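Structure file upload.cif with mmCIF, N, CA and C atoms:
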```cif
data_coords
loop_
_atom_site.label_atom_id
_atom_site.label_comp_id
_atom_site.auth_asym_id
_atom_site.auth_seq_id
_atom_site.Cartn_x
_atom_site.Cartn_y
_atom_site.Cartn_z
N ASN A 12 -17.40 2.51 -7.57
CA ASN A 12 -17.97 1.21 -7.80
C ASN A 12 -18.47 0.64 -6.47
N LEU A 13 -19.12 -0.45 -6.54
CA LEU A 13 -19.60 -1.12 -5.34
C LEU A 13 -19.17 -2.59 -5.37
N PHE A 14 -17.92 -2.84 -5.74
CA PHE A 14 -17.43 -4.21 -5.80
C PHE A 14 -17.40 -4.80 -4.39
N LYS A 15 -17.73 -6.09 -4.30
CA LYS A 15 -17.77 -6.79 -3.02
C LYS A 15 -16.97 -8.07 -3.12
N GLY A 16 -16.56 -8.59 -1.96
CA GLY A 16 -15.83 -9.84 -1.91
C GLY A 16 -14.34 -9.62 -2.00
N PRO A 17 -13.57 -10.71 -2.07
CA PRO A 17 -12.12 -10.56 -2.14
C PRO A 17 -11.66 -9.98 -3.48
N ILE A 18 -10.53 -9.33 -3.46
CA ILE A 18 -9.93 -8.83 -4.70
C ILE A 18 -9.52 -10.06 -5.50
N PRO A 19 -9.95 -10.18 -6.74
CA PRO A 19 -9.60 -11.37 -7.54
C PRO A 19 -8.09 -11.55 -7.65
N ASP A 20 -7.64 -12.79 -7.61
CA ASP A 20 -6.20 -13.09 -7.66
C ASP A 20 -5.53 -12.52 -8.90
N PHE A 21 -6.22 -12.52 -10.04
CA PHE A 21 -5.58 -12.06 -11.28
C PHE A 21 -5.17 -10.60 -11.22
N VAL A 22 -5.80 -9.81 -10.36
CA VAL A 22 -5.47 -8.39 -10.23
C VAL A 22 -4.03 -8.21 -9.76
N TRP A 23 -3.52 -9.18 -9.01
CA TRP A 23 -2.18 -9.09 -8.44
C TRP A 23 -1.14 -9.73 -9.34
N GLU A 24 -1.44 -9.96 -10.61
CA GLU A 24 -0.53 -10.69 -11.49
C GLU A 24 -0.11 -9.91 -12.74
N PHE A 25 -0.07 -8.60 -12.66
CA PHE A 25 0.34 -7.77 -13.80
C PHE A 25 1.69 -7.15 -13.48
N GLU A 26 2.76 -7.77 -13.96
CA GLU A 26 4.09 -7.30 -13.56
C GLU A 26 4.42 -5.90 -14.07
N ASP A 27 3.69 -5.41 -15.06
CA ASP A 27 3.92 -4.05 -15.55
C ASP A 27 3.04 -3.00 -14.87
N MET A 28 2.20 -3.44 -13.94
CA MET A 28 1.30 -2.52 -13.24
C MET A 28 2.11 -1.51 -12.44
N VAL A 29 1.79 -0.23 -12.61
CA VAL A 29 2.45 0.84 -11.90
C VAL A 29 1.48 1.52 -10.94
N TYR A 30 0.22 1.60 -11.34
CA TYR A 30 -0.80 2.36 -10.61
C TYR A 30 -2.03 1.48 -10.45
N MET A 31 -2.50 1.29 -9.21
CA MET A 31 -3.71 0.50 -8.97
C MET A 31 -4.62 1.27 -8.01
N ASP A 32 -5.85 1.47 -8.44
CA ASP A 32 -6.82 2.18 -7.61
C ASP A 32 -8.08 1.33 -7.48
N LEU A 33 -8.25 0.73 -6.32
CA LEU A 33 -9.44 -0.07 -6.00
C LEU A 33 -10.15 0.50 -4.78
N ALA A 34 -9.97 1.77 -4.54
CA ALA A 34 -10.50 2.44 -3.36
C ALA A 34 -12.03 2.57 -3.42
N TYR A 35 -12.61 2.75 -2.24
CA TYR A 35 -14.03 3.03 -2.07
C TYR A 35 -14.91 1.94 -2.67
N ASN A 36 -14.65 0.72 -2.25
CA ASN A 36 -15.47 -0.43 -2.61
C ASN A 36 -15.78 -1.18 -1.33
N PHE A 37 -16.14 -2.42 -1.46
CA PHE A 37 -16.42 -3.28 -0.31
C PHE A 37 -15.57 -4.54 -0.38
N PHE A 38 -14.32 -4.39 -0.85
CA PHE A 38 -13.44 -5.53 -0.95
C PHE A 38 -13.10 -6.06 0.44
N THR A 39 -13.03 -7.37 0.56
CA THR A 39 -12.66 -8.04 1.80
C THR A 39 -11.41 -8.87 1.54
N GLY A 40 -10.91 -9.49 2.58
CA GLY A 40 -9.76 -10.37 2.41
C GLY A 40 -8.46 -9.68 2.73
N THR A 41 -7.40 -10.15 2.11
CA THR A 41 -6.06 -9.69 2.43
C THR A 41 -5.31 -9.28 1.17
N ILE A 42 -4.14 -8.70 1.38
CA ILE A 42 -3.22 -8.39 0.28
C ILE A 42 -2.18 -9.50 0.27
N PRO A 43 -1.92 -10.12 -0.87
CA PRO A 43 -0.95 -11.22 -0.90
C PRO A 43 0.46 -10.76 -0.51
N ASP A 44 1.18 -11.65 0.16
CA ASP A 44 2.57 -11.36 0.54
C ASP A 44 3.51 -11.34 -0.66
N THR A 45 3.03 -11.74 -1.82
CA THR A 45 3.88 -11.86 -3.00
C THR A 45 3.76 -10.69 -3.97
N VAL A 46 3.11 -9.61 -3.58
CA VAL A 46 2.93 -8.46 -4.48
C VAL A 46 4.28 -7.95 -4.98
N HIS A 47 5.29 -7.95 -4.16
CA HIS A 47 6.61 -7.46 -4.58
C HIS A 47 7.20 -8.32 -5.70
N LEU A 48 6.76 -9.55 -5.83
CA LEU A 48 7.24 -10.44 -6.89
C LEU A 48 6.36 -10.37 -8.13
N THR A 49 5.05 -10.31 -7.94
CA THR A 49 4.12 -10.34 -9.07
C THR A 49 3.89 -8.97 -9.68
N GLU A 50 4.11 -7.91 -8.93
CA GLU A 50 3.94 -6.54 -9.43
C GLU A 50 5.11 -5.68 -8.96
N PRO A 51 6.32 -5.99 -9.41
CA PRO A 51 7.51 -5.30 -8.91
C PRO A 51 7.57 -3.82 -9.28
N ASN A 52 6.79 -3.38 -10.25
CA ASN A 52 6.81 -1.98 -10.69
C ASN A 52 5.72 -1.14 -10.05
N LEU A 53 4.94 -1.72 -9.15
CA LEU A 53 3.84 -1.00 -8.52
C LEU A 53 4.39 0.15 -7.68
N ARG A 54 3.95 1.36 -7.98
CA ARG A 54 4.42 2.56 -7.26
C ARG A 54 3.29 3.27 -6.53
N VAL A 55 2.06 3.14 -7.04
CA VAL A 55 0.91 3.81 -6.45
C VAL A 55 -0.16 2.76 -6.19
N LEU A 56 -0.61 2.68 -4.94
CA LEU A 56 -1.65 1.71 -4.57
C LEU A 56 -2.68 2.41 -3.71
N PHE A 57 -3.91 2.49 -4.22
CA PHE A 57 -5.02 3.07 -3.48
C PHE A 57 -6.00 1.95 -3.14
N LEU A 58 -6.06 1.58 -1.88
CA LEU A 58 -7.00 0.57 -1.40
C LEU A 58 -7.86 1.12 -0.26
N GLU A 59 -7.85 2.43 -0.09
CA GLU A 59 -8.56 3.00 1.05
C GLU A 59 -10.06 2.77 0.99
N ASN A 60 -10.64 2.75 2.19
CA ASN A 60 -12.08 2.63 2.38
C ASN A 60 -12.67 1.38 1.74
N ASN A 61 -12.13 0.25 2.14
CA ASN A 61 -12.66 -1.06 1.82
C ASN A 61 -12.83 -1.79 3.14
N ASP A 62 -12.93 -3.09 3.10
CA ASP A 62 -13.04 -3.90 4.31
C ASP A 62 -11.91 -4.92 4.36
N LEU A 63 -10.74 -4.53 3.89
CA LEU A 63 -9.58 -5.42 3.89
C LEU A 63 -9.07 -5.59 5.32
N ALA A 64 -8.57 -6.78 5.61
CA ALA A 64 -8.11 -7.10 6.97
C ALA A 64 -6.76 -7.79 6.90
N SER A 65 -6.32 -8.30 8.03
CA SER A 65 -5.05 -8.99 8.19
C SER A 65 -3.96 -7.94 8.44
N THR A 66 -2.73 -8.34 8.21
CA THR A 66 -1.61 -7.41 8.42
C THR A 66 -1.17 -6.83 7.09
N ILE A 67 -0.44 -5.74 7.15
CA ILE A 67 0.18 -5.18 5.95
C ILE A 67 1.37 -6.09 5.63
N PRO A 68 1.47 -6.58 4.41
CA PRO A 68 2.57 -7.50 4.10
C PRO A 68 3.94 -6.92 4.43
N ASN A 69 4.76 -7.72 5.10
CA ASN A 69 6.12 -7.29 5.42
C ASN A 69 6.94 -7.03 4.17
N THR A 70 6.54 -7.63 3.07
CA THR A 70 7.27 -7.48 1.81
C THR A 70 7.01 -6.12 1.15
N PHE A 71 6.10 -5.32 1.69
CA PHE A 71 5.82 -4.01 1.10
C PHE A 71 7.05 -3.12 1.08
N GLY A 72 7.97 -3.36 1.97
CA GLY A 72 9.20 -2.58 1.99
C GLY A 72 10.11 -2.86 0.81
N GLN A 73 9.81 -3.87 0.03
CA GLN A 73 10.62 -4.21 -1.13
C GLN A 73 10.13 -3.51 -2.40
N LEU A 74 9.08 -2.71 -2.28
CA LEU A 74 8.57 -1.96 -3.42
C LEU A 74 8.95 -0.49 -3.28
N ASP A 75 9.16 0.17 -4.38
CA ASP A 75 9.57 1.57 -4.39
C ASP A 75 8.33 2.46 -4.48
N TRP A 76 7.63 2.59 -3.36
CA TRP A 76 6.37 3.32 -3.33
C TRP A 76 6.53 4.79 -3.63
N LYS A 77 5.52 5.34 -4.27
CA LYS A 77 5.38 6.78 -4.40
C LYS A 77 4.19 7.23 -3.56
N ARG A 78 3.07 6.53 -3.69
CA ARG A 78 1.87 6.82 -2.89
C ARG A 78 1.25 5.50 -2.46
N LEU A 79 0.96 5.38 -1.17
CA LEU A 79 0.38 4.17 -0.61
C LEU A 79 -0.76 4.56 0.32
N HIS A 80 -1.98 4.23 -0.07
CA HIS A 80 -3.17 4.57 0.72
C HIS A 80 -3.86 3.28 1.15
N LEU A 81 -3.75 2.96 2.42
CA LEU A 81 -4.39 1.77 2.99
C LEU A 81 -5.39 2.15 4.08
N ASP A 82 -5.68 3.43 4.21
CA ASP A 82 -6.54 3.92 5.28
C ASP A 82 -7.98 3.44 5.12
N GLY A 83 -8.70 3.43 6.25
CA GLY A 83 -10.11 3.08 6.24
C GLY A 83 -10.37 1.61 5.97
N ASN A 84 -9.54 0.74 6.50
CA ASN A 84 -9.72 -0.70 6.37
C ASN A 84 -9.70 -1.31 7.77
N LYS A 85 -9.35 -2.57 7.85
CA LYS A 85 -9.30 -3.26 9.14
C LYS A 85 -7.94 -3.94 9.32
N PHE A 86 -6.89 -3.30 8.85
CA PHE A 86 -5.56 -3.88 8.99
C PHE A 86 -5.16 -3.89 10.45
N THR A 87 -4.45 -4.93 10.85
CA THR A 87 -4.01 -5.10 12.23
C THR A 87 -2.50 -5.31 12.25
N GLY A 88 -1.97 -5.34 13.45
CA GLY A 88 -0.54 -5.60 13.61
C GLY A 88 0.30 -4.37 13.38
N PRO A 89 1.61 -4.56 13.35
CA PRO A 89 2.52 -3.42 13.21
C PRO A 89 2.66 -2.95 11.77
N VAL A 90 3.10 -1.72 11.62
CA VAL A 90 3.47 -1.19 10.31
C VAL A 90 4.85 -1.76 10.00
N PRO A 91 5.04 -2.38 8.82
CA PRO A 91 6.37 -2.93 8.50
C PRO A 91 7.45 -1.86 8.64
N SER A 92 8.53 -2.22 9.29
CA SER A 92 9.58 -1.23 9.60
C SER A 92 10.27 -0.69 8.36
N ASP A 93 10.24 -1.43 7.25
CA ASP A 93 10.92 -0.94 6.04
C ASP A 93 9.94 -0.50 4.96
N ILE A 94 8.78 0.00 5.37
CA ILE A 94 7.76 0.41 4.40
C ILE A 94 8.16 1.69 3.67
N ASN A 95 9.18 2.35 4.15
CA ASN A 95 9.65 3.59 3.50
C ASN A 95 10.27 3.30 2.15
N ALA A 96 10.36 4.32 1.34
CA ALA A 96 10.97 4.22 0.01
C ALA A 96 11.53 5.59 -0.35
N PRO A 97 12.59 5.65 -1.13
CA PRO A 97 13.20 6.94 -1.45
C PRO A 97 12.25 7.92 -2.13
N ARG A 98 11.30 7.42 -2.93
CA ARG A 98 10.41 8.32 -3.67
C ARG A 98 9.05 8.51 -3.01
N ILE A 99 8.85 7.96 -1.82
CA ILE A 99 7.52 8.03 -1.23
C ILE A 99 7.12 9.47 -0.94
N GLU A 100 5.90 9.81 -1.35
CA GLU A 100 5.34 11.14 -1.12
C GLU A 100 4.19 11.09 -0.13
N GLU A 101 3.41 10.03 -0.17
CA GLU A 101 2.26 9.91 0.71
C GLU A 101 2.14 8.48 1.22
N ILE A 102 1.83 8.37 2.50
CA ILE A 102 1.50 7.09 3.08
C ILE A 102 0.34 7.32 4.03
N MET A 103 -0.79 6.71 3.74
CA MET A 103 -2.01 6.90 4.52
C MET A 103 -2.38 5.57 5.16
N LEU A 104 -2.36 5.54 6.48
CA LEU A 104 -2.64 4.31 7.21
C LEU A 104 -3.72 4.49 8.28
N HIS A 105 -4.27 5.68 8.42
CA HIS A 105 -5.22 5.96 9.49
C HIS A 105 -6.51 5.15 9.33
N ASN A 106 -7.28 5.11 10.41
CA ASN A 106 -8.55 4.38 10.47
C ASN A 106 -8.38 2.90 10.16
N ASN A 107 -7.41 2.29 10.81
CA ASN A 107 -7.19 0.86 10.81
C ASN A 107 -7.06 0.44 12.27
N GLN A 108 -6.63 -0.76 12.51
CA GLN A 108 -6.44 -1.25 13.88
C GLN A 108 -4.98 -1.66 14.07
N LEU A 109 -4.10 -0.81 13.57
CA LEU A 109 -2.67 -1.09 13.62
C LEU A 109 -2.15 -0.92 15.05
N THR A 110 -1.10 -1.66 15.37
CA THR A 110 -0.50 -1.60 16.71
C THR A 110 0.97 -1.24 16.58
N GLY A 111 1.55 -0.87 17.69
CA GLY A 111 2.97 -0.54 17.70
C GLY A 111 3.21 0.87 17.23
N ALA A 112 4.47 1.19 17.09
CA ALA A 112 4.88 2.53 16.70
C ALA A 112 5.08 2.61 15.19
N PHE A 113 4.84 3.78 14.65
CA PHE A 113 5.13 4.03 13.24
C PHE A 113 6.65 4.13 13.10
N PRO A 114 7.24 3.50 12.10
CA PRO A 114 8.71 3.50 11.97
C PRO A 114 9.26 4.83 11.46
N ALA A 115 8.93 5.91 12.15
CA ALA A 115 9.32 7.25 11.72
C ALA A 115 10.83 7.43 11.69
N ALA A 116 11.52 6.76 12.58
CA ALA A 116 12.98 6.93 12.65
C ALA A 116 13.65 6.52 11.35
N SER A 117 13.13 5.49 10.69
CA SER A 117 13.76 5.07 9.44
C SER A 117 13.56 6.10 8.34
N PHE A 118 12.44 6.79 8.36
CA PHE A 118 12.22 7.85 7.37
C PHE A 118 13.17 9.01 7.64
N ALA A 119 13.24 9.42 8.88
CA ALA A 119 14.08 10.56 9.23
C ALA A 119 15.55 10.26 9.01
N THR A 120 15.99 9.08 9.36
CA THR A 120 17.39 8.72 9.26
C THR A 120 17.83 8.55 7.81
N GLU A 121 17.06 7.80 7.05
CA GLU A 121 17.49 7.46 5.70
C GLU A 121 17.26 8.56 4.68
N PHE A 122 16.24 9.36 4.86
CA PHE A 122 15.87 10.28 3.80
C PHE A 122 16.00 11.76 4.16
N ALA A 123 16.29 12.06 5.38
CA ALA A 123 16.45 13.47 5.76
C ALA A 123 17.62 14.06 4.98
N GLY A 124 17.37 15.15 4.32
CA GLY A 124 18.41 15.81 3.57
C GLY A 124 18.72 15.15 2.24
N LYS A 125 18.00 14.11 1.89
CA LYS A 125 18.25 13.44 0.61
C LYS A 125 17.06 13.62 -0.31
N HIS A 126 16.52 14.79 -0.35
CA HIS A 126 15.42 15.15 -1.23
C HIS A 126 14.17 14.32 -0.99
N SER A 127 13.89 14.02 0.27
CA SER A 127 12.68 13.28 0.61
C SER A 127 11.46 14.09 0.19
N LYS A 128 10.49 13.41 -0.38
CA LYS A 128 9.27 14.05 -0.82
C LYS A 128 8.10 13.74 0.09
N LEU A 129 8.35 13.03 1.20
CA LEU A 129 7.29 12.63 2.10
C LEU A 129 6.63 13.86 2.71
N ARG A 130 5.31 13.89 2.59
CA ARG A 130 4.52 14.96 3.19
C ARG A 130 3.86 14.41 4.42
N VAL A 131 4.04 15.10 5.53
CA VAL A 131 3.48 14.63 6.79
C VAL A 131 2.23 15.41 7.11
#
```
Encoding of this model in structure tokens:
Amino acid sequence: NLFKGPIPDFVWEFEDMVYMDLAYNFFTGTIPDTVHLTEPNLRVLFLENNDLASTIPNTFGQLDWKRLHLDGNKFTGPVPSDINAPRIEEIMLHNNQLTGAFPAASFATEFAGKHSKLRV
């Protein structure tokens, strides 16, 4: 698609949403800090290759991610330290303007030997 502008607010209000794919558009704006409350069942989020900016919400660590693709945007700031999840298989953050270190230690410490599915 070639959607432009901010992601409409109603998109973030489906509490039964498990899978959201809005990748490869021209969306601008930010991701609300309340996604963990309004979409607590969200496991797969594809937002890659848009024009989203701001920081990655610190509340993302409260969701049980399986796949999280935020690459190819304009996100800034640090990667939330608790972005890991027991079922996470993929996390794509490249081609942004993120700063600081990736919280790799939390992945290695918490999930090593516990059937981690994370592919590096």
So what does the PyMOL selection byres ((chain A and resi 26) around 6) actually pick up in this one, as a ChimeraX atom specification? /A:24-25,27-28,49-52
If you keep N, CA and C atoms, can you produce a file of those selected residues as a compact mmCIF listing (two decimals), in the frame of the given file?
```txt
# COMPACT_ATOMS: atom_id res chain seq x y z
N GLU A 24 -1.44 -9.96 -10.61
CA GLU A 24 -0.53 -10.69 -11.49
C GLU A 24 -0.11 -9.91 -12.74
N PHE A 25 -0.07 -8.60 -12.66
CA PHE A 25 0.34 -7.77 -13.80
C PHE A 25 1.69 -7.15 -13.48
N ASP A 27 3.69 -5.41 -15.06
CA ASP A 27 3.92 -4.05 -15.55
C ASP A 27 3.04 -3.00 -14.87
N MET A 28 2.20 -3.44 -13.94
CA MET A 28 1.30 -2.52 -13.24
C MET A 28 2.11 -1.51 -12.44
N THR A 49 5.05 -10.31 -7.94
CA THR A 49 4.12 -10.34 -9.07
C THR A 49 3.89 -8.97 -9.68
N GLU A 50 4.11 -7.91 -8.93
CA GLU A 50 3.94 -6.54 -9.43
C GLU A 50 5.11 -5.68 -8.96
N PRO A 51 6.32 -5.99 -9.41
CA PRO A 51 7.51 -5.30 -8.91
C PRO A 51 7.57 -3.82 -9.28
N ASN A 52 6.79 -3.38 -10.25
CA ASN A 52 6.81 -1.98 -10.69
C ASN A 52 5.72 -1.14 -10.05
```
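The interatomic distance for the pair atom CA of Gly16 of chain A and atom CA of Asp75 of chain A works out to 28.0 Å.
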Report task. Run the PyMOL selection byres ((chain A and resi 32) around 7) on the file and write out the hits as JSON, numbers by chain. Result -> {"A": [30, 31, 33, 34, 55, 56, 57, 58]}
Restricting to all atoms listed in the file, whichever of A:Pro97, A:Gly83, A:Gly40, A:Pro89 is closest to Asn61 of chain A is A:Gly83
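Ranking A:Glu100, A:Asn106, A:Lys85, A:Pro19 by their shortest atom-to-atom distance to Ile67 of chain A, with only C-alpha atoms included, puts A:Lys85 first.
Under the PyMOL selection byres (((chain A and resi 86 and name CA) around 7) and name CA), the matching residues in the shown file are Leu63, Ala64, Ser65, Thr66, Ile67, Asn84, Lys85, Thr87, Asn107, Gln108 and Leu109 of chain A.
Candidate residues A:Ile18, A:Val29, A:Leu53, A:Ile99 were compared for distance to Thr41 of chain A, and the nearest is A:Ile18, using only N, CA and C atoms.
With atom CA of Lys77 of chain A on one side and atom CA of Ala96 of chain A on the other, the separation reads 7.6 Å.
Nearest residue to Phe37 of chain A among A:Arg54, A:Pro17, A:Trp23, A:Pro114 is A:Pro17, counting only N, CA and C atoms.
Distances to Trp76 of chain A were evaluated for A:Asn12, A:Asn36, A:Thr110, A:Asn95 using only N, CA and C atoms, and the minimum falls at A:Asn95.
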Among chain A, which residues does DSSP mark as strand (DSSP E or B) when it is run on the backbone? Keep the chain and numbering as in the structure and answer as a PyMOL selection string.
chain A and resi 15-17+30-32+37-40+55-57+62-66+78-80+85-88+101-103+108-109
Counting all atoms listed in the file, the residue among A:Ile94, A:Ile102, A:Pro68, A:Asp62 that lies closest to Leu81 of chain A is A:Ile102
* To do: Step one, run DSSP on the backbone; step two, keep only residues of chain A assigned to alpha helix (DSSP H); then write them as an NGL selection string.
  => :A and (46-49 or 115-122)
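Computed from the coordinates, the atom CA of Asp44 of chain A to atom CA of Arg98 of chain A distance equals 21.6 Å.
Residues of protein, DNA and RNA with at least one atom no farther than 5 Å from (7.1, 1.0, 13.2) are, using only N, CA and C atoms, Val90, Ser92, Ala112, Phe113 and Pro114 of chain A.
Taking all atoms listed in the file into account, the residues near (5.1, -7.7, -2.7), no farther than 6 Å, are Pro43, Asp44, Thr45, Val46, His47, Leu48, Thr49, Thr70 and Phe71 of chain A.
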File output, segment 82-92 of chain A (all heavy atoms) as a PDB file, in the first residue's frame:
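Output below, filename result16.pdb:
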```pdb
ATOM      1  N   ASP A  82      12.451  -2.006  11.890  1.00  0.00           N
ATOM      2  CA  ASP A  82      13.568  -1.544  11.074  1.00  0.00           C
ATOM      3  C   ASP A  82      13.118  -0.592   9.967  1.00  0.00           C
ATOM      4  O   ASP A  82      11.973  -0.585   9.560  1.00  0.00           O
ATOM      5  CB  ASP A  82      14.322  -2.739  10.481  1.00  0.00           C
ATOM      6  CG  ASP A  82      13.410  -3.737   9.786  1.00  0.00           C
ATOM      7  OD1 ASP A  82      12.507  -4.277  10.469  1.00  0.00           O
ATOM      8  OD2 ASP A  82      13.585  -3.976   8.577  1.00  0.00           O
ATOM      9  N   GLY A  83      14.064   0.225   9.506  1.00  0.00           N
ATOM     10  CA  GLY A  83      13.808   1.125   8.391  1.00  0.00           C
ATOM     11  C   GLY A  83      12.880   2.276   8.737  1.00  0.00           C
ATOM     12  O   GLY A  83      12.053   2.678   7.918  1.00  0.00           O
ATOM     13  N   ASN A  84      13.007   2.812   9.931  1.00  0.00           N
ATOM     14  CA  ASN A  84      12.222   3.965  10.360  1.00  0.00           C
ATOM     15  C   ASN A  84      13.186   5.041  10.853  1.00  0.00           C
ATOM     16  O   ASN A  84      14.352   5.057  10.457  1.00  0.00           O
ATOM     17  CB  ASN A  84      11.225   3.556  11.449  1.00  0.00           C
ATOM     18  CG  ASN A  84      10.013   2.855  10.878  1.00  0.00           C
ATOM     19  OD1 ASN A  84       9.143   3.474  10.294  1.00  0.00           O
ATOM     20  ND2 ASN A  84       9.954   1.527  11.049  1.00  0.00           N
ATOM     21  N   LYS A  85      12.709   5.900  11.710  1.00  0.00           N
ATOM     22  CA  LYS A  85      13.543   6.980  12.249  1.00  0.00           C
ATOM     23  C   LYS A  85      13.478   6.987  13.775  1.00  0.00           C
ATOM     24  O   LYS A  85      13.494   8.039  14.393  1.00  0.00           O
ATOM     25  CB  LYS A  85      13.075   8.323  11.696  1.00  0.00           C
ATOM     26  CG  LYS A  85      13.194   8.415  10.191  1.00  0.00           C
ATOM     27  CD  LYS A  85      12.605   9.704   9.665  1.00  0.00           C
ATOM     28  CE  LYS A  85      12.669   9.712   8.147  1.00  0.00           C
ATOM     29  NZ  LYS A  85      11.918  10.821   7.579  1.00  0.00           N
ATOM     30  N   PHE A  86      13.415   5.812  14.374  1.00  0.00           N
ATOM     31  CA  PHE A  86      13.360   5.731  15.827  1.00  0.00           C
ATOM     32  C   PHE A  86      14.681   6.196  16.416  1.00  0.00           C
ATOM     33  O   PHE A  86      15.751   5.930  15.857  1.00  0.00           O
ATOM     34  CB  PHE A  86      13.037   4.309  16.285  1.00  0.00           C
ATOM     35  CG  PHE A  86      11.636   3.888  15.987  1.00  0.00           C
ATOM     36  CD1 PHE A  86      11.372   2.924  15.024  1.00  0.00           C
ATOM     37  CD2 PHE A  86      10.564   4.460  16.663  1.00  0.00           C
ATOM     38  CE1 PHE A  86      10.068   2.544  14.737  1.00  0.00           C
ATOM     39  CE2 PHE A  86       9.260   4.085  16.387  1.00  0.00           C
ATOM     40  CZ  PHE A  86       9.010   3.128  15.414  1.00  0.00           C
ATOM     41  N   THR A  87      14.601   6.871  17.545  1.00  0.00           N
ATOM     42  CA  THR A  87      15.779   7.402  18.224  1.00  0.00           C
ATOM     43  C   THR A  87      15.797   6.900  19.661  1.00  0.00           C
ATOM     44  O   THR A  87      14.856   6.269  20.123  1.00  0.00           O
ATOM     45  CB  THR A  87      15.752   8.946  18.229  1.00  0.00           C
ATOM     46  OG1 THR A  87      14.570   9.381  18.901  1.00  0.00           O
ATOM     47  CG2 THR A  87      15.790   9.504  16.810  1.00  0.00           C
ATOM     48  N   GLY A  88      16.881   7.205  20.338  1.00  0.00           N
ATOM     49  CA  GLY A  88      16.990   6.846  21.748  1.00  0.00           C
ATOM     50  C   GLY A  88      17.407   5.404  21.939  1.00  0.00           C
ATOM     51  O   GLY A  88      17.723   4.693  20.985  1.00  0.00           O
ATOM     52  N   PRO A  89      17.378   4.956  23.187  1.00  0.00           N
ATOM     53  CA  PRO A  89      17.833   3.598  23.489  1.00  0.00           C
ATOM     54  C   PRO A  89      16.772   2.541  23.193  1.00  0.00           C
ATOM     55  O   PRO A  89      15.581   2.838  23.126  1.00  0.00           O
ATOM     56  CB  PRO A  89      18.111   3.662  24.989  1.00  0.00           C
ATOM     57  CG  PRO A  89      17.151   4.694  25.488  1.00  0.00           C
ATOM     58  CD  PRO A  89      17.033   5.722  24.386  1.00  0.00           C
ATOM     59  N   VAL A  90      17.228   1.318  23.043  1.00  0.00           N
ATOM     60  CA  VAL A  90      16.333   0.171  22.948  1.00  0.00           C
ATOM     61  C   VAL A  90      15.885  -0.141  24.375  1.00  0.00           C
ATOM     62  O   VAL A  90      16.734  -0.266  25.263  1.00  0.00           O
ATOM     63  CB  VAL A  90      17.059  -1.049  22.340  1.00  0.00           C
ATOM     64  CG1 VAL A  90      16.164  -2.272  22.342  1.00  0.00           C
ATOM     65  CG2 VAL A  90      17.558  -0.735  20.942  1.00  0.00           C
ATOM     66  N   PRO A  91      14.569  -0.247  24.623  1.00  0.00           N
ATOM     67  CA  PRO A  91      14.123  -0.550  25.993  1.00  0.00           C
ATOM     68  C   PRO A  91      14.803  -1.807  26.528  1.00  0.00           C
ATOM     69  O   PRO A  91      14.885  -2.822  25.837  1.00  0.00           O
ATOM     70  CB  PRO A  91      12.612  -0.752  25.831  1.00  0.00           C
ATOM     71  CG  PRO A  91      12.253   0.039  24.626  1.00  0.00           C
ATOM     72  CD  PRO A  91      13.440  -0.077  23.703  1.00  0.00           C
ATOM     73  N   SER A  92      15.278  -1.727  27.749  1.00  0.00           N
ATOM     74  CA  SER A  92      16.069  -2.831  28.308  1.00  0.00           C
ATOM     75  C   SER A  92      15.265  -4.103  28.509  1.00  0.00           C
ATOM     76  O   SER A  92      15.818  -5.191  28.537  1.00  0.00           O
ATOM     77  CB  SER A  92      16.696  -2.408  29.638  1.00  0.00           C
ATOM     78  OG  SER A  92      15.680  -2.075  30.561  1.00  0.00           O
TER      79      SER A  92
END
```
